[in-house]
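Participant: The structure's right below; bear with me while I get my questions together.
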Amino acid sequence: MPAEPGTLALPDVAVPAAPARRALRPPGFPFAIIGLFVLAAVVAPLLGLPDPHAQSLRDRFKPPAWEEAGSWKHPLGTDRLGRDLLSRIVWGSRVSLAAGVLTVLVASAFGAAVGLTAGYYGGRVDAVLMRATDATMSFPVILLALILAVTVGPSFTNVVTAIAVILWARYARVIRGQVLTLMHLDFVAQARIAGAGAWRIITRHLLPNTLGTLLVLVTLQIGYVIIVEASLSFLGAGIPPPTPAWGSMIAEGRDVVTRAWWVSLFPGLAILLVVLAFNLLGDWLRDTFDPKLRQL
Amino acid sequence: MSGPVIDVRDLRTHLVTGWGTVKAVDGVSFTVAEGETLGLVGESGSGKSMTCLSLLRLVPRPAARILGGQILLDGEDLLAKSEAEMRKIRGRRIGMILQDPMSSLNPVFSIGMQVREPVALYHGLRGSALAARAAELLAAVRIPSPAERLRAFPHQLSGGMRQRVVGAMAIAAPPRLLIADEPTTSLDLTIQAQYLGLLEELQERHRLALVFVTHNLGIVARICDRVAVMYAGRIVEMGPVRRLFTRPAHPYTRALLESIPRLGARAARLTAIEGQPPDLARLAPGCAFAPRCPSVMERCRVEAPPETVVEAGHVTRCWLEGGPEVGAPSGGTPA
C-alpha cells in the first residue's frame with residue numbers, strides 16, 4: 001500500500017481472528033457402527049437374508065450359531081415363530097433409523113423456525129412462542145403416543161408425529177438462545193442498515209450461523225428418538241407387527257428371557273450400539289464445533 | 001444538487017424505560033451538504049449514536065420512539081415514509097459504518113459473497129459483471145489483491161481490512177449520505193490514519209455527505225469540515241472546525257479542548273471535567289451542563305438556553321452568548 005506522507009506504511013498483515021482449530025481425531029467407533037447399520041438398512045433387500053416374515057414353527061427358538069443347538073443358517077437364532085433374528089434386526093434397522101432421522105428432521109425444521117422467529121422479533125412474539133414451547137416441552141412423549149395409538153391406531157406415521165410434535169420445543173429453545181446472542185453482533189445491524197428485511201436477515205445471517213448448533217443437537221437427539229420409538233413398540237403403541245421393530249422384538253422375547261435369551265438380547269444390543277454411536281458422534285461434533293456448546 | 005443532502009430539524013427520540021423516559025435525542029438540528037463532513041462529538045450517552053440510528057429509523061423498538069421533528073434527505077421527509085420505503089432508502093441512499101470490525105461481517109460467508117450482496121441488490125448485476133464490480137469495490141477501498149480476497153473469509157482478515165470491506169459494502173450504491181459511527185475506534189493508530197485517508201478519498205469520489213461520529217477531537221481536526229458537539233441529547237455547539245477549536249463558545253467545548261493533553265507542555269495534572277454526565281431519565285430544568293459548568297450562572301439552572309448564533313455558521317446553546325439579559329457570572333469569565 002503506498003505510504004501517505006508523514007505516516008508509516010505498514011503491511012496489513014492478515015491475522016486470523018481465532019487460532020486454527022486443532023481438529024479432534026474423528027471418532028472411529030461411532031462412524032463405523034453408524035456406517036454399518038445405515039449400510040445394512042439401505043441394502044437390506046440385496047443381502048440375501050432369509051425373509052424376516054417367514055415363519056417356521058419347526059425352527060422356533062433356535063439358539064445363535066455358536067451354541068450347541070444352533071446353526072449358521074440362523075446366525076443369531078430364531079424367535080417364537082421361527083423367524084430369523086439377524087434378518088429381523090437388519091430390517092428393523094430400517095424402521096428405527098428411518099423413524100429416528102425423519103422425526104428429528106421434522107422436529108428440528110419446525111423447532112428452528114420457531115426459535116429463529118422468536119429470537120428475531122422478540123417482544124410479544126417471543127413471549128407467546130416461548131410459552132407455547134414451554135407447554136409443549138412439559139408434555140410426556142410416551143403418553144401422547146399411547147393416546148394416539150389407542151385412538152387412531154399404532155403406525156409408523158403416528159410414532160413420528162407423536163415424537164416430533166413434542167420434540168420441536170427443545171430445538172426452539174436452543175436456537176432461540178443462539179439467535180439472541182447473534183442479534184447483538186454488528187453484521188446483523190449492518191444488514192438492517194443495508195436495507196435487508198426480516199426474511200433476508202433470518203435466512204441469510206441468522207440461520208447459517210445456527211447450523212452448527214443444530215447439527216449437534218440433531219445428532220444427539222437421534223439416539224433419544226430411537227429409544228423412544230423402541231419403547232413405544234415395546235409397549236405396543238409403536239410400529240405394529242408384523243413389521244420388524246427392535247422394540248417389539250424385545251417385547252416378544254420378554255416371556256422367554258431365561259430360556260431363549262437371544263430373542264430379547266440382540267435387538268437390545270442393536271439399540272444400545274446405535275444410540276451409543278450417535279451419542280458419541282454428537283459429542284465429537286459438539287467438541288469440534290465449539291466447546292461452548294457443552295451444555296447441550 | 002442545491003440544498004443540503006441531509007437536513008435534520010428538531011429531531012426528538014425518546015426511550016421509554018422502567019426508570020423513566022430517557023430523552024436520548026432532544027431537539028437536534030443540523031445539515032450536511034454534498035462533499036461536506038460533519039463531526040458529531042460527545043461523551044458516551046450524549047446521543048450521537050441514537051441520532052444516527054434515528055436518521056435511518058432503526059432505533060431499538062419497542063422502547064425507543066422518534067417523537068418529532070423532520071429528517072429531510074434531499075428534501076424528502078424520512079419520518080413521513082413507510083417502513084417499506086425506508087428499506088429502499090437504507091443502504092441505497094444512506095449508508096452506515098459501525099464501530100466493531102470483529103463482528104461487522106458474517107463469519108460464515110466469504111468476503112466476495114458479502115460484497116456481492118449489496119451490489120446485486122442495488123444494481124441488479126449478476127455473474128461475472130457482479131464479481132468484477134465486487135472486486136472493483138474492494139480495490140476502491142485499497143484492499144490489496146482484491147480478486148483473491150473475494151474468496152477469503154472474515155476471520156482471515158485483520159480489523160483494518162474488515163473495516164475496509166464494511167466500507168466497500170457501505171458505498172456499493174453509492175449512497176448520498178454516509179454515517180460513520182466511530183469506525184476507527186477499534187483500530188490502531190497507523191491503520192486509523194490510513195482509514196481516514198480512505199474515507200476522504202471515497203467522499204470526494206462520490207460526493208458523499210459524511211457524518212462522522214467520534215469522541216476523538218484529533219480525528220475531528222483531521223477530517224471534519226464542521227463539527228457539532230453533543231451533550232445530554234442536545235447539540236450545545238456547532239460550527240466550522242477551525243472556529244470551534246480556536247474560539248469555542250460553549251464551556252463544554254472549551255473543557256473538552258482543554259482536557260486534551262499537549263505534547264511539549266510541562267508535565268502537569270491533566271485537566272478533567274468535574275462531575276458526571278447527567279441521568280437522562282431525570283434531567284433537571286435548565287441547561288444540562290449547569291452542574292458541571294465552570295461559568296454557570298443562576299439563569300442556567302432555571303432555563304435551558306436556546307440556540308443562539310455566535311457568528312454566521314456558528315451556533316451554540318449557552319446563556320453566556322445569547323439572551324437579552326445575561327446575568328452576572330458566578331464563576332470564571334465568559335469567552
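Residues are named by chain letter and number: chains run A, B, ... in the order of the C-alpha cells, numbers start at 1 in each chain, and ligands are numbered from 1 in the order shown.
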Sort by chain and increasing residue number a table of all residues of chain B within 8 Å of chain A, each with its closest pair of atoms and their distance in Å to one decimal, counting only C-alpha atoms, and write it as a tab-separated table.

Facilitator:
```
residue	atom	partner	partner_atom	distance
B:Leu56	CA	A:Ile193	CA	7.3
B:Leu58	CA	A:Ile193	CA	7.8
B:Pro62	CA	A:Gly123	CA	8.0
B:Met86	CA	A:Gly195	CA	7.8
B:Arg87	CA	A:Gly195	CA	4.6
B:Lys88	CA	A:Gly195	CA	6.3
B:Ile89	CA	A:Gly195	CA	7.2
B:Arg90	CA	A:Gly195	CA	4.7
B:Gly91	CA	A:Ala194	CA	3.9
B:Arg92	CA	A:Ala194	CA	7.3
B:Gly95	CA	A:Ile193	CA	6.9
B:Met96	CA	A:Ile193	CA	6.6
B:Ile97	CA	A:Gln190	CA	7.6
B:Leu98	CA	A:Asp186	CA	7.2
B:Asp100	CA	A:Asp186	CA	6.9
B:Ser103	CA	A:Asp186	CA	5.1
B:Ser104	CA	A:Phe187	CA	4.1
B:Leu105	CA	A:Phe187	CA	4.9
B:Asn106	CA	A:Phe187	CA	5.7
B:Pro107	CA	A:Asn209	CA	7.9
B:Val108	CA	A:Asn209	CA	6.7
B:Pro118	CA	A:Ala194	CA	7.4
B:Arg142	CA	A:Met1	CA	7.6
B:Pro144	CA	A:Met1	CA	7.3
B:His155	CA	A:Ala17	CA	4.9
B:Gln156	CA	A:Pro16	CA	4.5
B:Leu157	CA	A:Ala14	CA	4.8
B:Ser158	CA	A:Ala14	CA	5.1
B:Gly160	CA	A:Asp12	CA	7.7
B:Met161	CA	A:Asp12	CA	7.5
B:Ala170	CA	A:Ala194	CA	7.6
B:Thr190	CA	A:Leu8	CA	6.8
B:Ala193	CA	A:Thr7	CA	7.7
B:Gln194	CA	A:Glu4	CA	7.8
```

Participant: Show me, as a list in words, the residues that have an atom within 7 Å of segment 250-261 of chain B when counting only C-alpha atoms, minus same-chain residues fewer than 3 positions from it.

Facilitator: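 Listing them by chain and then by number gives Val236, Glu237, Leu270, Thr271, Ala272, Ile273, Cys293, Thr316 and Cys318 of chain B.
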
Participant: What are the DSSP helix (DSSP H, G or I) residues of segment 34-67 of chain A, as a PyMOL selection string?

Facilitator: chain A and resi 34-46+57-59

Participant: Quick one: residues within 7 Å of Ala209 of chain B, only C-alpha atoms, excluding same-chain residues fewer than 6 positions away - as a PDB file with C-alpha atoms, in the first residue's frame?

Facilitator:
```pdb
ATOM      1  CA  VAL B   5     -28.139  16.411   1.366  1.00  0.00           C
ATOM      2  CA  VAL B  32     -24.775  18.367   5.879  1.00  0.00           C
ATOM      3  CA  ALA B  33     -24.083  19.383   2.314  1.00  0.00           C
ATOM      4  CA  GLU B  34     -22.690  17.305  -0.519  1.00  0.00           C
ATOM      5  CA  GLY B  35     -18.988  16.675  -0.085  1.00  0.00           C
ATOM      6  CA  GLU B  36     -19.058  18.036   3.439  1.00  0.00           C
ATOM      7  CA  THR B  37     -18.036  16.211   6.611  1.00  0.00           C
ATOM      8  CA  ARG B 176     -25.913  10.231  -0.757  1.00  0.00           C
ATOM      9  CA  LEU B 177     -25.126  10.236   2.929  1.00  0.00           C
ATOM     10  CA  LEU B 178     -22.610   8.077   4.755  1.00  0.00           C
TER      11      LEU B 178
END
```

Participant: Just the residues within 10 Å of Ser56 of chain A, please, counting only C-alpha atoms, with nothing from its chain fewer than 4 positions along; format it as an MDAnalysis selection string.

Facilitator: chainID A and resid 60 78:84

Participant: Within 12 Å of Arg173 of chain A, counting only C-alpha atoms, which residues qualify if same-chain residues fewer than 3 places away don't, as a VMD selection string?

Facilitator: chain A and resid 108 110 to 119 126 to 127 129 to 134 136 to 137 167 to 170 176 to 180 213 to 214 217 296

Participant: Please provide as a ChimeraX atom specification all residues within 10 Å of Ser54 of chain B, with the sequence filter that same-chain residues fewer than 6 positions apart are discarded (counting only C-alpha atoms).

Facilitator: /B:11-13,25,48,60,64-66,71,78-79

Participant: Looking at A:Gly153, A:Gly100, A:Gly92, A:Gly223, which one is nearest to Pro267 of chain A, with distances taken over only C-alpha atoms?

Facilitator: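 Between A:Gly153, A:Gly100, A:Gly92, A:Gly223, the residue approaching Pro267 of chain A most closely is A:Gly92.
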
Participant: Nearest to Leu232 of chain A: which of A:Val125, A:Leu211, A:Val263, A:Ala99 is it, counting only C-alpha atoms?

Facilitator: A:Ala99

Participant: Do you know which residues are at most 12 Å from Ala249 of chain B counting only C-alpha atoms, after dropping those on the same chain fewer than 4 positions away, and could you put them as an NGL selection string?

Facilitator: :B and (229 or 236-239 or 243-245 or 253-257 or 295 or 307-311 or 314-322 or 333-335)

Participant: Among segment 131-196 of chain B, which ones does DSSP place in strand (DSSP E or B), written as JSON, numbers by chain?

Facilitator: {"B": [177, 178, 179, 180, 181]}

Participant: Record the distance separating atom CA of Leu196 of chain B and atom CA of Leu137 of chain B, expressed in Å with one decimal.

Facilitator: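 A separation of 17.0 Å between them.
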
Participant: Find the distance between atom CA of Pro277 of chain B and atom CA of Ala228 of chain B and write it in Å to one decimal.

Facilitator: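 Separating atom CA of Pro277 of chain B from atom CA of Ala228 of chain B is a distance of 17.7 Å.
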
Participant: Measuring atom to atom with only C-alpha atoms, identify which of A:Tyr171, A:Phe139, A:Trp91, A:Trp199 is nearest to Pro52 of chain A.

Facilitator: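 Residue with the minimum atom-to-atom distance to Pro52 of chain A: A:Trp91.
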